[in-house]
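The file upload.tsv comes next; it holds TSV, C-alpha atoms and all ligand atoms.
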```
chain	number	residue	atom	x	y	z
A	1	MET	CA	79.38	99.13	32.08
A	2	GLN	CA	77.09	99.88	29.18
A	3	SER	CA	78.18	103.52	28.94
A	4	ALA	CA	81.84	102.46	28.92
A	5	THR	CA	81.17	100.22	25.91
A	6	ARG	CA	79.42	102.99	24.07
A	7	ALA	CA	82.30	105.33	24.81
A	8	SER	CA	84.80	102.89	23.29
A	9	ARG	CA	82.76	102.43	20.12
A	10	GLY	CA	82.81	106.18	19.67
A	11	CYS	CA	86.63	106.30	19.70
A	12	LEU	CA	89.37	105.57	17.09
A	13	ARG	CA	92.22	103.24	17.96
A	14	THR	CA	95.71	104.34	17.05
A	15	GLY	CA	97.70	101.43	15.68
A	16	SER	CA	100.75	100.82	17.76
A	17	ARG	CA	99.99	101.78	21.34
A	18	ASN	CA	96.29	100.84	21.52
A	19	VAL	CA	95.48	104.35	22.78
A	20	LEU	CA	91.87	105.40	22.45
A	21	ARG	CA	91.36	108.81	20.81
A	22	PRO	CA	88.16	110.86	20.51
A	23	PRO	CA	86.49	110.79	17.07
A	24	LEU	CA	87.14	113.62	14.63
A	25	SER	CA	85.04	116.67	15.31
A	26	PRO	CA	81.96	117.19	13.07
A	27	LYS	CA	83.75	120.23	11.59
A	28	VAL	CA	86.68	118.19	10.35
A	29	GLN	CA	84.36	115.48	9.03
A	30	LEU	CA	82.40	118.09	7.11
A	31	ARG	CA	85.58	119.56	5.58
A	32	PHE	CA	86.50	116.14	4.17
A	33	ALA	CA	83.02	115.81	2.74
A	34	SER	CA	82.95	119.19	1.02
A	35	SER	CA	83.18	119.30	-2.81
A	36	SER	CA	85.94	121.95	-2.82
A	37	SER	CA	88.43	119.42	-1.36
A	38	ARG	CA	87.98	116.72	-4.09
A	39	PRO	CA	91.37	117.19	-5.91
A	40	ILE	CA	93.21	116.99	-2.56
A	41	ARG	CA	91.22	113.90	-1.64
A	42	SER	CA	91.83	112.10	-4.95
A	43	SER	CA	95.57	112.77	-4.88
A	44	ALA	CA	95.69	111.55	-1.28
A	45	VAL	CA	93.88	108.39	-2.35
A	46	ILE	CA	96.32	107.86	-5.26
A	47	VAL	CA	99.30	108.34	-2.95
A	48	ALA	CA	97.77	105.93	-0.44
A	49	ILE	CA	97.10	103.28	-3.12
A	50	GLY	CA	100.66	103.71	-4.42
A	51	ALA	CA	102.12	103.31	-0.95
A	52	VAL	CA	99.99	100.24	-0.20
A	53	SER	CA	100.98	98.64	-3.55
A	54	LEU	CA	104.66	99.31	-2.90
A	55	ILE	CA	104.43	97.40	0.36
A	56	ALA	CA	101.89	94.78	-0.71
A	57	PHE	CA	103.60	93.63	-3.93
A	58	PRO	CA	106.85	92.36	-2.39
A	59	VAL	CA	104.84	90.75	0.43
A	60	TYR	CA	102.62	89.00	-2.16
A	61	VAL	CA	105.65	87.82	-4.16
A	62	ALA	CA	107.29	86.48	-0.98
A	63	LEU	CA	104.13	84.62	0.10
A	64	PHE	CA	103.14	83.30	-3.31
A	65	PRO	CA	106.33	82.91	-5.36
A	66	LYS	CA	105.87	82.13	-9.04
A	67	HIS	CA	108.35	79.27	-8.68
A	68	PRO	CA	107.67	77.02	-5.71
A	69	ALA	CA	110.61	76.41	-3.38
A	70	LEU	CA	112.22	72.98	-3.06
A	71	GLN	CA	111.96	71.22	0.27
A	72	PRO	CA	113.61	68.00	1.49
A	73	GLN	CA	110.38	66.55	2.95
A	74	VAL	CA	107.67	67.87	0.63
A	75	TYR	CA	107.29	67.28	-3.10
A	76	THR	CA	107.37	70.19	-5.51
A	77	ASP	CA	106.07	69.84	-9.06
A	78	LEU	CA	108.65	71.24	-11.47
A	79	THR	CA	108.77	71.23	-15.26
A	80	VAL	CA	111.21	69.06	-17.18
A	81	PHE	CA	113.41	71.29	-19.33
A	82	SER	CA	115.21	68.69	-21.43
A	83	THR	CA	115.47	64.95	-21.94
A	84	GLN	CA	118.21	63.19	-23.85
A	85	ARG	CA	118.74	59.49	-24.50
A	86	VAL	CA	122.50	59.08	-23.91
A	87	THR	CA	122.40	55.29	-24.45
A	88	PRO	CA	119.41	52.95	-24.96
A	89	GLN	CA	119.46	52.38	-21.15
A	90	HIS	CA	120.36	55.88	-19.92
A	91	ALA	CA	118.36	59.10	-20.10
A	92	SER	CA	119.67	62.49	-19.04
A	93	ILE	CA	116.95	64.78	-17.61
A	94	GLY	CA	117.36	68.52	-17.00
A	95	ILE	CA	115.14	69.99	-14.27
A	96	PRO	CA	115.27	73.78	-13.72
A	97	ILE	CA	115.52	74.60	-10.02
A	98	PRO	CA	113.53	77.61	-8.71
A	99	PRO	CA	115.94	80.55	-8.24
A	100	GLY	CA	115.18	80.79	-4.52
A	101	SER	CA	116.21	77.16	-3.97
A	102	ARG	CA	119.50	77.11	-5.90
A	103	SER	CA	121.60	78.09	-2.89
A	104	LEU	CA	120.46	74.86	-1.16
A	105	PHE	CA	122.82	73.07	-3.56
A	106	GLY	CA	125.80	75.27	-2.67
A	107	ILE	CA	126.18	78.04	-0.16
A	108	ASP	CA	123.21	76.85	1.97
A	109	ALA	CA	123.96	73.11	1.67
A	110	VAL	CA	124.26	71.23	4.97
A	111	ARG	CA	126.05	68.11	6.16
A	112	ARG	CA	124.06	64.95	6.92
A	113	ASP	CA	123.65	66.06	10.56
A	114	ARG	CA	122.34	69.41	9.20
A	115	SER	CA	125.38	71.32	10.50
A	116	LYS	CA	127.06	73.91	8.29
A	117	PRO	CA	130.05	72.74	6.26
A	118	GLU	CA	133.48	74.16	7.08
A	119	ASP	CA	135.49	76.29	4.65
A	120	GLY	CA	136.38	74.31	1.52
A	121	GLU	CA	134.00	71.44	2.32
A	122	ILE	CA	131.87	70.22	-0.59
A	123	VAL	CA	128.42	68.72	-0.01
A	124	ILE	CA	127.20	66.03	-2.42
A	125	GLN	CA	123.43	65.71	-2.66
A	126	HIS	CA	120.63	63.73	-4.22
A	127	LEU	CA	116.99	64.40	-5.05
A	128	TYR	CA	113.97	62.14	-4.71
A	129	VAL	CA	111.79	61.66	-7.79
A	130	LYS	CA	108.33	60.17	-7.41
A	131	ASN	CA	106.25	58.06	-9.71
A	132	PRO	CA	102.87	59.78	-9.19
A	133	ASP	CA	100.86	56.76	-10.39
A	134	LEU	CA	102.37	54.39	-7.83
A	135	MET	CA	103.30	56.89	-5.09
A	136	ILE	CA	106.84	55.52	-4.85
A	137	GLU	CA	110.09	57.45	-4.94
A	138	ARG	CA	113.75	56.78	-5.72
A	139	PRO	CA	116.86	58.92	-5.11
A	140	TYR	CA	118.89	60.32	-8.03
A	141	THR	CA	122.16	62.27	-7.94
A	142	PRO	CA	122.63	65.40	-10.07
A	143	VAL	CA	125.84	65.03	-12.06
A	144	ASN	CA	126.47	68.78	-12.10
A	145	ASN	CA	126.88	71.86	-9.92
A	146	VAL	CA	123.20	72.80	-9.58
A	147	GLU	CA	123.76	76.11	-7.79
A	148	ARG	CA	125.95	77.36	-10.63
A	149	ASP	CA	123.84	75.97	-13.51
A	150	GLY	CA	120.33	76.61	-12.08
A	151	ILE	CA	119.37	73.20	-13.43
A	152	ALA	CA	119.69	69.70	-11.97
A	153	ASN	CA	120.91	67.15	-14.51
A	154	ILE	CA	120.25	63.56	-13.51
A	155	VAL	CA	121.21	60.48	-15.52
A	156	VAL	CA	118.80	57.62	-14.93
A	157	LYS	CA	119.38	53.99	-15.86
A	158	LYS	CA	116.32	52.04	-16.97
A	159	VAL	CA	116.36	48.62	-15.29
A	160	GLN	CA	114.13	45.64	-16.07
A	161	GLY	CA	110.82	46.14	-14.21
A	162	GLY	CA	112.07	49.42	-12.72
A	163	GLU	CA	109.08	51.48	-11.59
A	164	VAL	CA	110.55	54.96	-11.22
A	165	GLY	CA	113.22	54.53	-13.94
A	166	ARG	CA	110.44	53.64	-16.42
A	167	HIS	CA	108.43	56.70	-15.39
A	168	ILE	CA	111.42	59.04	-15.82
A	169	HIS	CA	112.34	57.54	-19.20
A	170	GLY	CA	108.80	58.32	-20.39
A	171	LEU	CA	109.07	62.04	-19.57
A	172	HIS	CA	109.41	64.77	-22.21
A	173	ALA	CA	110.40	68.44	-22.06
A	174	GLY	CA	107.45	70.40	-20.61
A	175	ASP	CA	106.16	67.48	-18.50
A	176	SER	CA	105.71	67.86	-14.77
A	177	ILE	CA	108.07	66.03	-12.40
A	178	GLY	CA	107.58	65.71	-8.64
A	179	ILE	CA	110.80	66.07	-6.70
A	180	ARG	CA	111.91	66.68	-3.13
A	181	GLY	CA	115.33	67.54	-1.81
A	182	PRO	CA	118.17	68.20	-1.91
A	183	VAL	CA	119.16	65.52	0.58
A	184	THR	CA	122.81	65.27	1.64
A	185	THR	CA	124.64	62.14	0.48
A	186	PHE	CA	128.02	62.99	2.05
A	187	ALA	CA	130.40	65.91	2.53
A	188	ILE	CA	134.14	66.04	1.94
A	189	ASN	CA	136.81	68.69	2.39
A	190	PRO	CA	139.25	68.05	-0.47
A	191	THR	CA	141.76	70.54	0.95
A	192	LYS	CA	142.49	67.98	3.71
A	193	TYR	CA	143.72	65.33	1.27
A	194	ASP	CA	146.62	64.94	-1.13
A	195	LYS	CA	144.65	62.43	-3.15
A	196	ILE	CA	140.99	61.44	-3.59
A	197	ILE	CA	140.30	58.01	-5.14
A	198	MET	CA	136.77	57.35	-6.41
A	199	ILE	CA	135.66	53.77	-7.12
A	200	SER	CA	132.38	53.03	-8.92
A	201	THR	CA	130.42	51.02	-11.43
A	202	GLY	CA	127.47	52.16	-13.59
A	203	THR	CA	125.52	55.18	-12.32
A	204	GLY	CA	127.48	54.87	-9.04
A	205	ILE	CA	129.87	57.41	-10.60
A	206	SER	CA	127.19	60.16	-10.38
A	207	PRO	CA	128.19	61.48	-6.91
A	208	PHE	CA	131.79	61.72	-8.12
A	209	LEU	CA	130.77	63.61	-11.27
A	210	GLN	CA	128.93	66.08	-9.02
A	211	LEU	CA	131.92	66.34	-6.65
A	212	LEU	CA	134.31	67.08	-9.51
A	213	ASP	CA	131.94	69.61	-11.07
A	214	LYS	CA	131.73	71.42	-7.70
A	215	LEU	CA	135.47	71.19	-7.02
A	216	PRO	CA	137.25	74.46	-7.94
A	217	VAL	CA	139.83	74.02	-10.72
A	218	THR	CA	142.30	75.74	-8.40
A	219	SER	CA	142.27	72.67	-6.12
A	220	SER	CA	145.65	70.95	-5.96
A	221	THR	CA	144.29	67.58	-4.74
A	222	GLU	CA	145.23	64.65	-6.97
A	223	LEU	CA	142.10	62.94	-8.34
A	224	HIS	CA	141.80	59.31	-9.40
A	225	ILE	CA	138.67	57.66	-10.81
A	226	LEU	CA	138.42	53.85	-11.00
A	227	HIS	CA	135.26	53.17	-12.98
A	228	SER	CA	134.10	49.97	-14.62
A	229	LEU	CA	133.55	49.72	-18.35
A	230	PRO	CA	130.06	48.68	-19.48
A	231	LYS	CA	129.45	45.10	-20.61
A	232	PRO	CA	130.65	44.60	-24.21
A	233	ASP	CA	127.10	44.80	-25.67
A	234	LYS	CA	126.31	48.05	-23.83
A	235	GLN	CA	127.23	51.69	-24.52
A	236	ASP	CA	129.40	53.78	-22.22
A	237	TRP	CA	127.11	56.58	-20.92
A	238	VAL	CA	129.83	58.51	-19.07
A	239	VAL	CA	131.59	59.00	-22.40
A	240	SER	CA	128.59	59.34	-24.75
A	241	SER	CA	127.07	61.98	-22.46
A	242	GLY	CA	130.35	63.93	-22.64
A	243	LEU	CA	130.43	64.13	-18.81
A	244	LEU	CA	133.70	62.29	-18.18
A	245	PRO	CA	135.60	63.79	-21.15
A	246	ARG	CA	134.57	67.29	-19.97
A	247	LEU	CA	136.00	66.65	-16.51
A	248	GLN	CA	139.21	65.23	-18.02
A	249	ASP	CA	139.56	68.45	-20.06
A	250	ARG	CA	138.87	70.53	-16.95
A	251	PHE	CA	141.38	68.87	-14.65
A	252	GLY	CA	143.98	67.63	-17.17
A	253	ASP	CA	146.82	65.62	-15.56
A	254	GLN	CA	145.39	66.24	-12.09
A	255	LEU	CA	142.68	63.63	-12.89
A	256	THR	CA	143.60	60.01	-13.66
A	257	VAL	CA	140.83	57.84	-15.09
A	258	ASP	CA	141.26	54.04	-14.97
A	259	ARG	CA	138.55	52.05	-16.69
A	260	ILE	CA	138.33	48.54	-15.29
A	261	PRO	CA	136.63	45.51	-16.88
A	262	PRO	CA	133.00	44.89	-15.86
A	263	GLY	CA	132.67	42.57	-12.85
A	264	SER	CA	134.71	42.61	-9.67
A	265	ILE	CA	137.12	45.44	-8.82
A	266	PRO	CA	140.67	44.09	-9.34
A	267	GLU	CA	142.90	44.37	-6.28
A	268	VAL	CA	145.80	45.36	-8.50
A	269	ALA	CA	143.88	48.46	-9.67
A	270	LEU	CA	143.33	49.56	-6.05
A	271	GLU	CA	146.96	48.87	-5.19
A	272	SER	CA	148.17	50.88	-8.14
A	273	ALA	CA	145.87	53.85	-7.29
A	274	LEU	CA	147.26	53.90	-3.73
A	275	ARG	CA	150.91	53.46	-4.74
A	276	GLY	CA	153.17	56.27	-3.50
A	277	ALA	CA	150.35	58.06	-1.66
A	278	ASP	CA	150.60	59.00	2.03
A	279	LYS	CA	147.73	56.82	3.38
A	280	ALA	CA	146.93	59.37	6.10
A	281	LYS	CA	146.27	62.00	3.40
A	282	VAL	CA	144.19	59.82	1.06
A	283	MET	CA	140.40	59.66	0.88
A	284	VAL	CA	138.82	56.69	-0.89
A	285	LEU	CA	135.18	57.09	-1.89
A	286	VAL	CA	133.45	53.83	-2.84
A	287	CYS	CA	130.05	53.72	-4.60
A	288	LEU	CA	129.32	50.12	-5.55
A	289	PRO	CA	126.44	47.64	-5.44
A	290	PRO	CA	126.37	45.66	-2.14
A	291	ASN	CA	128.21	42.54	-3.39
A	292	LEU	CA	131.14	44.54	-4.81
A	293	LEU	CA	131.19	46.96	-1.88
A	294	LYS	CA	131.53	44.00	0.50
A	295	SER	CA	134.68	42.72	-1.21
A	296	VAL	CA	136.30	46.18	-1.59
A	297	ALA	CA	135.46	47.81	1.77
A	298	GLY	CA	133.13	45.54	3.75
A	299	PRO	CA	129.33	45.86	3.94
A	300	MET	CA	127.41	48.90	5.09
A	301	ALA	CA	125.77	48.59	8.52
A	302	PRO	CA	122.08	47.50	8.48
A	303	ASN	CA	121.02	51.12	9.25
A	304	LEU	CA	123.07	52.23	6.20
A	305	GLY	CA	125.84	53.46	8.50
A	306	GLN	CA	129.42	52.93	7.37
A	307	GLY	CA	129.92	49.54	9.06
A	308	PRO	CA	133.41	48.16	9.71
A	309	LEU	CA	136.17	48.62	7.13
A	310	ARG	CA	137.04	45.22	5.66
A	311	GLY	CA	137.93	43.78	2.28
A	312	THR	CA	140.70	44.91	-0.06
A	313	LEU	CA	140.98	48.47	1.29
A	314	ALA	CA	141.47	47.18	4.86
A	315	ASP	CA	144.04	44.66	3.58
A	316	LEU	CA	145.89	47.51	1.85
A	317	GLY	CA	146.30	49.31	5.21
A	318	LEU	CA	143.62	52.00	5.03
A	319	SER	CA	141.79	53.09	8.17
A	320	PRO	CA	138.01	53.79	8.42
A	321	ALA	CA	138.75	57.55	8.58
A	322	ASN	CA	140.09	57.36	5.02
A	323	VAL	CA	137.17	55.54	3.40
A	324	VAL	CA	133.57	56.60	2.71
A	325	LYS	CA	131.18	53.87	1.53
A	326	LEU	CA	128.14	54.71	-0.58
A	327	GLU	CA	125.56	52.29	-1.95
A	401	LIG	C1	121.70	58.02	-2.90
A	401	LIG	C2	121.37	57.32	-4.20
A	401	LIG	C3	121.55	57.98	-5.40
A	401	LIG	C4	121.22	57.34	-6.61
A	401	LIG	N1	121.45	58.01	-7.78
A	401	LIG	C5	121.12	57.40	-8.96
A	401	LIG	C6	121.36	58.06	-10.21
A	401	LIG	O1	121.86	59.19	-10.25
A	401	LIG	N2	121.00	57.42	-11.35
A	401	LIG	C7	120.42	56.16	-11.33
A	401	LIG	O2	120.09	55.62	-12.41
A	401	LIG	N3	120.19	55.52	-10.17
A	401	LIG	C8	120.50	56.11	-8.99
A	401	LIG	N4	120.25	55.47	-7.81
A	401	LIG	C9	119.45	54.23	-7.86
A	401	LIG	C10	117.96	54.61	-7.95
A	401	LIG	O3	117.55	55.25	-6.77
A	401	LIG	C11	117.00	53.41	-8.15
A	401	LIG	O4	117.31	52.43	-7.22
A	401	LIG	C12	117.08	52.84	-9.55
A	401	LIG	O5	116.78	53.85	-10.51
A	401	LIG	C13	116.06	51.71	-9.74
A	401	LIG	O6	114.78	52.21	-9.44
A	401	LIG	P1	113.51	51.71	-10.24
A	401	LIG	O7	112.29	52.17	-9.51
A	401	LIG	O8	113.60	52.07	-11.67
A	401	LIG	O9	113.63	50.13	-10.15
A	401	LIG	P2	113.04	49.20	-8.97
A	401	LIG	O10	111.57	49.06	-9.18
A	401	LIG	O11	113.53	49.69	-7.66
A	401	LIG	O12	113.80	47.85	-9.26
A	401	LIG	C14	113.40	46.94	-10.30
A	401	LIG	C15	114.38	45.78	-10.37
A	401	LIG	O13	115.65	46.24	-10.85
A	401	LIG	C16	116.70	45.90	-9.95
A	401	LIG	N5	117.68	46.98	-9.98
A	401	LIG	C17	117.64	48.15	-9.29
A	401	LIG	N6	118.70	48.93	-9.61
A	401	LIG	C18	119.42	48.25	-10.51
A	401	LIG	C19	120.63	48.51	-11.22
A	401	LIG	N7	121.32	49.65	-11.04
A	401	LIG	N8	121.07	47.59	-12.12
A	401	LIG	C20	120.39	46.44	-12.30
A	401	LIG	N9	119.24	46.12	-11.65
A	401	LIG	C21	118.77	47.00	-10.78
A	401	LIG	C22	116.01	45.74	-8.61
A	401	LIG	O14	116.73	44.88	-7.76
A	401	LIG	C23	114.67	45.14	-9.01
A	401	LIG	O15	114.74	43.76	-9.20
A	401	LIG	C24	120.64	56.04	-6.61
A	401	LIG	C25	120.45	55.38	-5.38
A	401	LIG	C26	120.82	55.99	-4.19
A	401	LIG	C27	120.61	55.24	-2.90
```

Kindly present the structure from the file in C-alpha cells form.
Amino acid sequence: MQSATRASRGCLRTGSRNVLRPPLSPKVQLRFASSSSRPIRSSAVIVAIGAVSLIAFPVYVALFPKHPALQPQVYTDLTVFSTQRVTPQHASIGIPIPPGSRSLFGIDAVRRDRSKPEDGEIVIQHLYVKNPDLMIERPYTPVNNVERDGIANIVVKKVQGGEVGRHIHGLHAGDSIGIRGPVTTFAINPTKYDKIIMISTGTGISPFLQLLDKLPVTSSTELHILHSLPKPDKQDWVVSSGLLPRLQDRFGDQLTVDRIPPGSIPEVALESALRGADKAKVMVLVCLPPNLLKSVAGPMAPNLGQGPLRGTLADLGLSPANVVKLE
C-alpha cells in the first residue's frame, strides 16, 4: 500500500484522462535548468502568460462585470443619471441600465407566467425602487423603451407622507438608487386588435406611455387615450414633460387623445371611444385607482387578479377578453 502511494507521488497527472505518467527523466530536467536555454525559456514563459491572459480576461469580465446585472428578486445599486422636476409634484428620474441587462426590457422580456411572448407581442414592465433607510419598496413604470434607450425613465408623483416618493424626489444625478426588476405588468399583442383604448388618471398613464414608445410606428392599430386632466391648481405633467406631445407627433392621426375632467370617468367618453369599433377586435386597458376602476370595469380580485368585468365597460357590451385592468 505504502509503495503504491509513493509511486503515485512520483508521477505527473495529465489533465483530461487522469492518466498517470512517469516523471521527466533527470536528463530532460537538467536541460531545462541549463543556462544556454534561457532565451527559449523566457519566450515560452511570455507565450504562456499571454495565452493565460487571453483566456483569463474574458472569464474575469464575465464573473465580475463592471456594471452589475439587474435581477427581478435582488436589488442592484445603480447611479442616477438625471433628475428633472416636471411639475412641483412630479420628478422624472433617468437610471442607466447595465448593457447586459437591457435586453430584459425587450427581446428577453417575458410574460407574467414567465413564458416567451409571441411575435408582435409587447411586454410592459415596472421596476421596484427601495427606500434604503426604511427598507420599503414601491413599483414604478418606465415611460420609455428601455432596451432602445439604455436608460429607464420613471416619473414619480410625490404624495403627502409618501415614503418612497419622498426618497426619490430627494435624489440627484450621481446618487445611488437601489432597484430590482424588470417585473412584467402585462403583455399585449397589438397586431390582434383594430383599436386599443387606454383609460387612466395621473401616473396611471405610465404603462401606456411605455406601450406606445415600444410600439413600432409601422403598426396600423388605431390608438385612443382617455386621460384625466389635473385638478385646476395643478400642472399637467404628461404635457410639461413633453411625453404625450412626442407620442402625438410620432403617431399623428393614428392616436386620438381625449382629456377628461378630473374626477369620475364619464360614460359618454367611453361610449364615444368605442363607437364604430368592432368590439371583438378592441382591447381596453384600464389603469385607475380602485374607486374609479370599480365603476369603469369592476374591482380587481383580492389576489390582484382581473376579477369579474362589471361597470360601464360591461354595460357597453365588452367581454372580459377585451379588457385588462391595472391598478
Ligand atoms: C405596477 C405599478 C406601477 C406604478 N408606477 C408608478 C409610476 O410610474 N409613477 C408613480 O408615481 N407611481 C407609480 N405607482 C405607484 C407607486 O408604486 C407608489 O404607490 C406611490 O409612489 C406612493 O408611494 P409612496 O411610498 O411615496 O407613498 P406611500 O407611503 O405608499 O403612501 C402615502 C400616502 O399617500 C397615499 N397615496 C399613495 N399613492 C397616491 C396617489 N397616487 N395619489 C394620492 N395619494 C396617494 C397613500 O394612500 C398613503 O396615504 C405604481 C404602482 C404600481 C402597482

Practice item. For CA of Gly106 in chain A and CA of Gly120 in chain A, quote the distance in Å rounded to one decimal. Key: 11.4 Å

Revision key, fill the gap. Of A:Pro289, A:Pro99, A:Pro190, A:Pro299, the one nearest to ligand LIG 401 (chain A) when counting only C-alpha atoms and all ligand atoms is A:Pro289

Review point. Which is closest to Gly317 in chain A among A:Arg275, A:Ser295, A:Tyr75, A:Lys158, if we use only C-alpha atoms?
Key: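 Comparing A:Arg275, A:Ser295, A:Tyr75, A:Lys158 against Gly317 in chain A, the winner is A:Arg275.
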
**Study point:** Distance criterion (all atoms listed in the file): nearest to Ile177 in chain A out of A:Pro216, A:Pro96, A:Pro117, A:Gly150
**Key:**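 Using all atoms listed in the file, Ile177 in chain A sits closest to A:Pro96.
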
Each side padded by 4 Å, which centre and which edge lengths in Å (one decimal) define the axis-aligned box around the listed atoms of range 287-292 of chain A? Give them as lines of an AutoDock Vina configuration file.
```
center_x = 128.8
center_y = 48.1
center_z = -3.8
size_x = 12.8
size_y = 19.2
size_z = 11.4
```

Practice item. Between A:Glu118, A:Asp278, A:Glu163, A:Glu147, single out the one closest to ligand LIG 401 (chain A), counting all atoms listed in the file. Key: A:Glu163

Study note, to complete from the structure: Between A:Leu292, A:Leu326, A:Ile95, A:Ala187, smallest distance to ligand LIG 401 (chain A) by all atoms listed in the file belongs to A:Leu326

Exercise for review: Grab the atom C16 of ligand LIG 401 (chain A) to CA of Gly178 in chain A distance for me, in Å with one decimal place.
Suggested key: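 About the pair atom C16 of ligand LIG 401 (chain A) and CA of Gly178 in chain A: they are 21.8 Å apart.
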
May I have the residues within 9 Å of ligand LIG 401 (chain A), computed using only C-alpha atoms and all ligand atoms, as a PDB file with C-alpha atoms, keeping the file's coordinate frame?
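For reference, pocket26.pdb as written:
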```pdb
ATOM      1  CA  HIS A  90     120.360  55.880 -19.920  1.00  0.00           C
ATOM      2  CA  ALA A  91     118.360  59.100 -20.100  1.00  0.00           C
ATOM      3  CA  GLN A 125     123.430  65.710  -2.660  1.00  0.00           C
ATOM      4  CA  HIS A 126     120.630  63.730  -4.220  1.00  0.00           C
ATOM      5  CA  LEU A 127     116.990  64.400  -5.050  1.00  0.00           C
ATOM      6  CA  TYR A 128     113.970  62.140  -4.710  1.00  0.00           C
ATOM      7  CA  VAL A 129     111.790  61.660  -7.790  1.00  0.00           C
ATOM      8  CA  ASN A 131     106.250  58.060  -9.710  1.00  0.00           C
ATOM      9  CA  ILE A 136     106.840  55.520  -4.850  1.00  0.00           C
ATOM     10  CA  GLU A 137     110.090  57.450  -4.940  1.00  0.00           C
ATOM     11  CA  ARG A 138     113.750  56.780  -5.720  1.00  0.00           C
ATOM     12  CA  PRO A 139     116.860  58.920  -5.110  1.00  0.00           C
ATOM     13  CA  TYR A 140     118.890  60.320  -8.030  1.00  0.00           C
ATOM     14  CA  THR A 141     122.160  62.270  -7.940  1.00  0.00           C
ATOM     15  CA  PRO A 142     122.630  65.400 -10.070  1.00  0.00           C
ATOM     16  CA  VAL A 143     125.840  65.030 -12.060  1.00  0.00           C
ATOM     17  CA  ILE A 154     120.250  63.560 -13.510  1.00  0.00           C
ATOM     18  CA  VAL A 155     121.210  60.480 -15.520  1.00  0.00           C
ATOM     19  CA  VAL A 156     118.800  57.620 -14.930  1.00  0.00           C
ATOM     20  CA  LYS A 157     119.380  53.990 -15.860  1.00  0.00           C
ATOM     21  CA  LYS A 158     116.320  52.040 -16.970  1.00  0.00           C
ATOM     22  CA  VAL A 159     116.360  48.620 -15.290  1.00  0.00           C
ATOM     23  CA  GLN A 160     114.130  45.640 -16.070  1.00  0.00           C
ATOM     24  CA  GLY A 161     110.820  46.140 -14.210  1.00  0.00           C
ATOM     25  CA  GLY A 162     112.070  49.420 -12.720  1.00  0.00           C
ATOM     26  CA  GLU A 163     109.080  51.480 -11.590  1.00  0.00           C
ATOM     27  CA  VAL A 164     110.550  54.960 -11.220  1.00  0.00           C
ATOM     28  CA  GLY A 165     113.220  54.530 -13.940  1.00  0.00           C
ATOM     29  CA  ARG A 166     110.440  53.640 -16.420  1.00  0.00           C
ATOM     30  CA  HIS A 167     108.430  56.700 -15.390  1.00  0.00           C
ATOM     31  CA  ILE A 168     111.420  59.040 -15.820  1.00  0.00           C
ATOM     32  CA  VAL A 183     119.160  65.520   0.580  1.00  0.00           C
ATOM     33  CA  THR A 184     122.810  65.270   1.640  1.00  0.00           C
ATOM     34  CA  THR A 185     124.640  62.140   0.480  1.00  0.00           C
ATOM     35  CA  GLY A 202     127.470  52.160 -13.590  1.00  0.00           C
ATOM     36  CA  THR A 203     125.520  55.180 -12.320  1.00  0.00           C
ATOM     37  CA  GLY A 204     127.480  54.870  -9.040  1.00  0.00           C
ATOM     38  CA  ILE A 205     129.870  57.410 -10.600  1.00  0.00           C
ATOM     39  CA  SER A 206     127.190  60.160 -10.380  1.00  0.00           C
ATOM     40  CA  PRO A 207     128.190  61.480  -6.910  1.00  0.00           C
ATOM     41  CA  PRO A 289     126.440  47.640  -5.440  1.00  0.00           C
ATOM     42  CA  LEU A 326     128.140  54.710  -0.580  1.00  0.00           C
ATOM     43  CA  GLU A 327     125.560  52.290  -1.950  1.00  0.00           C
TER      44      GLU A 327
END
```

Add whatever atoms are absent from range 89-100 of chain A to reach N, CA and C atoms, and provide the output as a compact mmCIF listing (two decimals), in the coordinates of the input.
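File result-v7.txt, as written:
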```
# COMPACT_ATOMS: atom_id res chain seq x y z
N GLN A 89 119.87 52.60 -22.55
CA GLN A 89 119.46 52.38 -21.15
C GLN A 89 119.50 53.65 -20.29
N HIS A 90 120.14 54.71 -20.78
CA HIS A 90 120.36 55.88 -19.92
C HIS A 90 119.74 57.14 -20.51
N ALA A 91 118.94 57.82 -19.68
CA ALA A 91 118.36 59.10 -20.10
C ALA A 91 118.90 60.20 -19.19
N SER A 92 119.24 61.33 -19.81
CA SER A 92 119.67 62.49 -19.04
C SER A 92 118.49 63.47 -19.00
N ILE A 93 118.11 63.89 -17.79
CA ILE A 93 116.95 64.78 -17.61
C ILE A 93 117.42 66.08 -16.98
N GLY A 94 117.03 67.20 -17.57
CA GLY A 94 117.36 68.52 -17.00
C GLY A 94 116.13 69.10 -16.31
N ILE A 95 116.28 69.44 -15.04
CA ILE A 95 115.14 69.99 -14.27
C ILE A 95 115.54 71.37 -13.73
N PRO A 96 114.92 72.45 -14.24
CA PRO A 96 115.27 73.78 -13.72
C PRO A 96 114.87 73.90 -12.25
N ILE A 97 115.76 74.45 -11.45
CA ILE A 97 115.52 74.60 -10.02
C ILE A 97 115.08 76.05 -9.76
N PRO A 98 114.00 76.24 -8.97
CA PRO A 98 113.53 77.61 -8.71
C PRO A 98 114.67 78.47 -8.16
N PRO A 99 114.81 79.72 -8.65
CA PRO A 99 115.94 80.55 -8.24
C PRO A 99 116.15 80.60 -6.74
N GLY A 100 115.06 80.68 -5.97
CA GLY A 100 115.18 80.79 -4.52
C GLY A 100 115.71 79.54 -3.85
```
